[in-house]
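File shown: protein00.cif. Contents: mmCIF, C-alpha atoms.
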```
data_work
loop_
_atom_site.label_atom_id
_atom_site.label_comp_id
_atom_site.auth_asym_id
_atom_site.auth_seq_id
_atom_site.Cartn_x
_atom_site.Cartn_y
_atom_site.Cartn_z
CA MET A 4 122.25 72.96 58.06
CA ASN A 5 120.58 69.80 59.27
CA PRO A 6 116.73 69.82 58.83
CA ILE A 7 116.18 68.85 62.48
CA ARG A 8 118.48 71.66 63.66
CA LYS A 9 116.70 74.11 61.33
CA LYS A 10 113.30 73.03 62.72
CA ARG A 11 114.53 73.51 66.33
CA LEU A 12 115.99 76.93 65.50
CA THR A 13 112.69 78.01 63.90
CA LEU A 14 110.75 76.75 66.94
CA ILE A 15 113.07 78.60 69.34
CA GLY A 16 112.76 81.76 67.24
CA LEU A 17 108.96 81.56 67.33
CA MET A 18 109.00 81.01 71.11
CA VAL A 19 111.25 84.02 71.68
CA ALA A 20 109.05 86.17 69.41
CA GLY A 21 105.91 84.96 71.24
CA ILE A 22 107.39 85.75 74.64
CA GLY A 23 108.49 89.16 73.38
CA ILE A 24 105.02 89.99 72.05
CA ALA A 25 103.36 88.79 75.29
CA THR A 26 105.75 90.91 77.37
CA TRP A 27 105.08 93.97 75.22
CA LEU A 28 101.30 93.50 75.53
CA ALA A 29 101.52 93.09 79.31
CA LEU A 30 103.71 96.18 79.75
CA ASN A 31 101.48 98.22 77.45
CA ALA A 32 98.35 97.23 79.43
CA PHE A 33 100.14 98.01 82.70
CA ASP A 34 101.16 101.46 81.44
CA GLU A 35 97.59 102.30 80.37
CA ASN A 36 96.15 101.28 83.76
CA LEU A 37 98.83 102.92 85.90
CA MET A 38 97.38 105.69 88.05
CA PHE A 39 99.65 108.07 89.96
CA PHE A 40 98.81 110.16 93.03
CA PHE A 41 99.30 113.94 93.05
CA SER A 42 98.72 116.46 95.82
CA PRO A 43 96.76 119.66 95.09
CA SER A 44 100.03 121.63 95.16
CA GLU A 45 101.53 119.40 92.47
CA VAL A 46 98.38 119.74 90.34
CA VAL A 47 98.46 123.55 90.60
CA GLU A 48 102.18 123.55 89.71
CA GLY A 49 101.37 121.60 86.53
CA LYS A 50 103.12 118.35 87.47
CA ALA A 51 99.96 116.26 86.92
CA PRO A 52 99.18 114.89 83.44
CA SER A 53 96.36 116.63 81.62
CA ALA A 54 95.33 113.76 79.34
CA HIS A 55 95.82 110.79 81.67
CA PRO A 56 93.75 109.79 84.74
CA PHE A 57 95.37 110.18 88.15
CA ARG A 58 94.44 110.35 91.83
CA ILE A 59 94.30 113.50 93.92
CA GLY A 60 93.90 113.63 97.66
CA GLY A 61 93.65 116.03 100.53
CA LEU A 62 91.14 117.56 102.88
CA VAL A 63 87.78 118.85 101.68
CA THR A 64 87.87 122.61 102.24
CA LYS A 65 85.23 124.00 104.57
CA ASP A 66 82.28 125.79 102.90
CA SER A 67 83.36 124.56 99.45
CA VAL A 68 80.78 121.81 98.84
CA LYS A 69 78.21 122.97 96.32
CA ARG A 70 75.49 120.77 94.84
CA LYS A 71 74.19 121.50 91.36
CA THR A 72 70.51 121.52 90.43
CA ASP A 73 70.62 118.07 88.77
CA GLY A 74 70.93 116.54 92.25
CA LEU A 75 73.90 114.30 91.45
CA THR A 76 76.71 116.70 90.52
CA THR A 77 78.75 118.04 93.41
CA SER A 78 81.59 120.54 93.29
CA PHE A 79 84.07 120.93 96.14
CA SER A 80 87.63 122.00 96.80
CA VAL A 81 90.45 119.72 97.97
CA THR A 82 93.46 121.17 99.76
CA ASP A 83 96.79 120.03 101.15
CA MET A 84 96.86 123.22 103.25
CA ALA A 85 99.14 124.92 100.73
CA LYS A 86 97.06 124.94 97.52
CA SER A 87 93.52 123.94 96.52
CA VAL A 88 92.00 122.26 93.48
CA THR A 89 88.33 122.28 92.51
CA VAL A 90 86.85 118.79 92.07
CA GLU A 91 83.60 118.02 90.29
CA TYR A 92 81.91 114.66 90.81
CA THR A 93 78.69 113.30 89.35
CA GLY A 94 77.26 110.47 91.39
CA ILE A 95 76.48 109.50 94.95
CA LEU A 96 79.20 110.55 97.37
CA PRO A 97 80.33 108.15 100.13
CA ASP A 98 78.45 108.35 103.43
CA LEU A 99 81.60 109.53 105.22
CA PHE A 100 82.20 112.43 102.82
CA ARG A 101 82.06 115.82 104.54
CA GLU A 102 83.97 119.05 104.86
CA GLY A 103 87.28 118.75 106.69
CA GLN A 104 87.59 115.02 105.87
CA GLY A 105 90.43 113.40 103.98
CA ILE A 106 89.47 112.06 100.55
CA VAL A 107 91.09 110.53 97.49
CA ALA A 108 89.46 111.16 94.10
CA MET A 109 90.24 109.41 90.81
CA GLY A 110 89.74 111.17 87.49
CA GLN A 111 91.45 113.72 85.28
CA LEU A 112 91.74 117.44 84.65
CA ASN A 113 89.47 119.13 82.14
CA PRO A 114 90.71 122.05 79.96
CA GLU A 115 89.51 124.60 82.56
CA GLY A 116 91.75 123.05 85.22
CA ILE A 117 88.88 121.45 87.18
CA PHE A 118 89.47 117.88 88.30
CA VAL A 119 86.57 115.76 87.04
CA ALA A 120 86.36 112.75 89.35
CA SER A 121 85.08 109.35 88.32
CA GLU A 122 85.33 107.99 91.87
CA VAL A 123 85.60 109.56 95.34
CA LEU A 124 86.84 107.63 98.35
CA ALA A 125 86.48 108.90 101.92
CA LYS A 126 88.35 107.78 104.99
CA HIS A 127 86.65 105.00 106.93
CA ASP A 128 87.25 105.97 110.56
CA GLU A 129 88.52 108.78 112.73
CA ASN A 130 92.12 107.51 112.94
CA TYR A 131 92.70 106.66 109.29
CA MET A 132 94.04 108.94 106.59
CA PRO A 133 95.17 107.68 103.18
CA PRO A 134 98.98 107.44 103.18
CA GLU A 135 99.30 109.70 100.14
CA VAL A 136 97.17 112.41 101.79
CA ALA A 137 99.15 112.15 105.04
CA ALA A 138 102.42 112.46 103.10
CA SER A 139 101.25 115.53 101.15
CA LEU A 140 100.03 117.22 104.36
CA LYS A 141 103.37 116.43 106.01
CA THR A 142 105.23 117.91 103.02
CA ALA A 143 103.11 121.07 103.18
CA HIS A 144 103.85 121.33 106.89
CA GLU A 145 107.60 120.92 106.31
CA GLU A 146 107.47 123.68 103.68
CA GLY A 147 106.31 126.10 106.36
CA VAL A 148 102.54 125.91 106.10
CA ASP A 149 101.06 125.60 109.57
CA THR A 150 98.22 123.11 109.05
CA LEU A 151 96.77 123.45 112.55
CA GLN A 152 96.52 127.21 112.21
CA LYS A 153 94.80 126.94 108.80
CA VAL A 154 92.29 124.29 109.97
CA SER A 155 91.35 126.28 113.07
CA ALA A 156 90.93 129.44 110.98
CA GLN A 157 88.41 127.68 108.73
#
```
Before we go any further, please render this structure as structure tokens.
Amino acid sequence: MNPIRKKRLTLIGLMVAGIGIATWLALNAFDENLMFFFSPSEVVEGKAPSAHPFRIGGLVTKDSVKRKTDGLTTSFSVTDMAKSVTVEYTGILPDLFREGQGIVAMGQLNPEGIFVASEVLAKHDENYMPPEVAASLKTAHEEGVDTLQKVSAQ
């Protein structure tokens, strides 16, 4: 083989290997930072990962907000009108957080099945609901759960 041809082949091989390694690193970083959304029903059914962070959303159940003595830790329940999941958050909650409001929390499940949130987001006006929360409420409604009846009963 010609030395120039051998040099070009080596250079092409190194470029292909470099591109392959860069692609692998990018996909690996993307996979680690990927965060899925699950409704409370899916979390209760065990579809949510136990060792990977994810988002959960729904309505804050009435009379479920409990503040602990440390002043920063808050425990509350999130529902999609079919099932509920207990969420625990340490930090300052958004100003718009209240019972009956739609929220999205990011975090992961602890071994006791409580969702430990690292961030809580509340809706920003009366007409807005996060698309994932609206979809999970619609699914619960289609499965025969009457959301209006449950909200008025609370």
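If you look at atom CA of A:Val107 and atom CA of A:Gly60, they are 4.2 Å away from each other.
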* Picked residues, the PyMOL selection byres ((chain A and resi 93) around 12), expected as a list in words ->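 Selection result, ordered by chain and number: Lys69, Arg70, Lys71, Thr72, Asp73, Gly74, Leu75, Thr76, Thr77, Ser78, Phe79, Val90, Glu91, Tyr92, Gly94, Ile95, Leu96, Ala108, Gly110, Phe118, Val119, Ala120, Ser121, Glu122 and Val123 of chain A.
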Output C-alpha atoms of each residue in that selection to a file, as a compact mmCIF listing (two decimals), in the coordinates of the input.
```
# COMPACT_ATOMS: atom_id res chain seq x y z
CA LYS A 69 78.21 122.97 96.32
CA ARG A 70 75.49 120.77 94.84
CA LYS A 71 74.19 121.50 91.36
CA THR A 72 70.51 121.52 90.43
CA ASP A 73 70.62 118.07 88.77
CA GLY A 74 70.93 116.54 92.25
CA LEU A 75 73.90 114.30 91.45
CA THR A 76 76.71 116.70 90.52
CA THR A 77 78.75 118.04 93.41
CA SER A 78 81.59 120.54 93.29
CA PHE A 79 84.07 120.93 96.14
CA VAL A 90 86.85 118.79 92.07
CA GLU A 91 83.60 118.02 90.29
CA TYR A 92 81.91 114.66 90.81
CA GLY A 94 77.26 110.47 91.39
CA ILE A 95 76.48 109.50 94.95
CA LEU A 96 79.20 110.55 97.37
CA ALA A 108 89.46 111.16 94.10
CA GLY A 110 89.74 111.17 87.49
CA PHE A 118 89.47 117.88 88.30
CA VAL A 119 86.57 115.76 87.04
CA ALA A 120 86.36 112.75 89.35
CA SER A 121 85.08 109.35 88.32
CA GLU A 122 85.33 107.99 91.87
CA VAL A 123 85.60 109.56 95.34
```
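Every protein, DNA or RNA residue with an atom at most 10 Å from A:Glu35, where all atoms listed in the file count and chain neighbours fewer than 3 positions away do not, is listed here: Leu30, Asn31, Ala32, Met38, His55 and Pro56 of chain A.
Of the listed residues (A:Lys86, A:Arg8, A:Phe100, A:Leu112), A:Leu112 comes nearest to A:Ala54; the distances count all atoms listed in the file.
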* To do: May I have the residues within 6 Å of A:Thr82 as a ChimeraX atom specification, using only C-alpha atoms and disregarding those fewer than 2 positions away in the same chain?
  => /A:43,61-62,84,86-87
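Residue nearest A:Val63 within the list A:Gln104, A:Ser44, A:Asn113, A:Thr26: A:Gln104 [criterion: smallest interatomic distance, only C-alpha atoms].
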* **Option closest in space to A:Ile59, from A:Gly105, A:Gly16, A:Pro97, A:Pro6 [counting only C-alpha atoms]** => A:Gly105
* To do: Go through A:Arg58, A:Ile117, A:Ala25, A:Lys50 and flag the residue nearest A:Leu37, using all atoms listed in the file for the distances.
  => A:Arg58
* Quick one: pull the distance between atom CA of A:Glu135 and atom CA of A:Ala51, Å, one decimal. =>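 Result for atom CA of A:Glu135 versus atom CA of A:Ala51: 14.8 Å, one decimal.
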* If you measure from atom CA of A:Pro134 to atom CA of A:Gly103, what distance in Å do you get, rounded to one decimal? ->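 Computed distance, atom CA of A:Pro134 to atom CA of A:Gly103, equals 16.6 Å.
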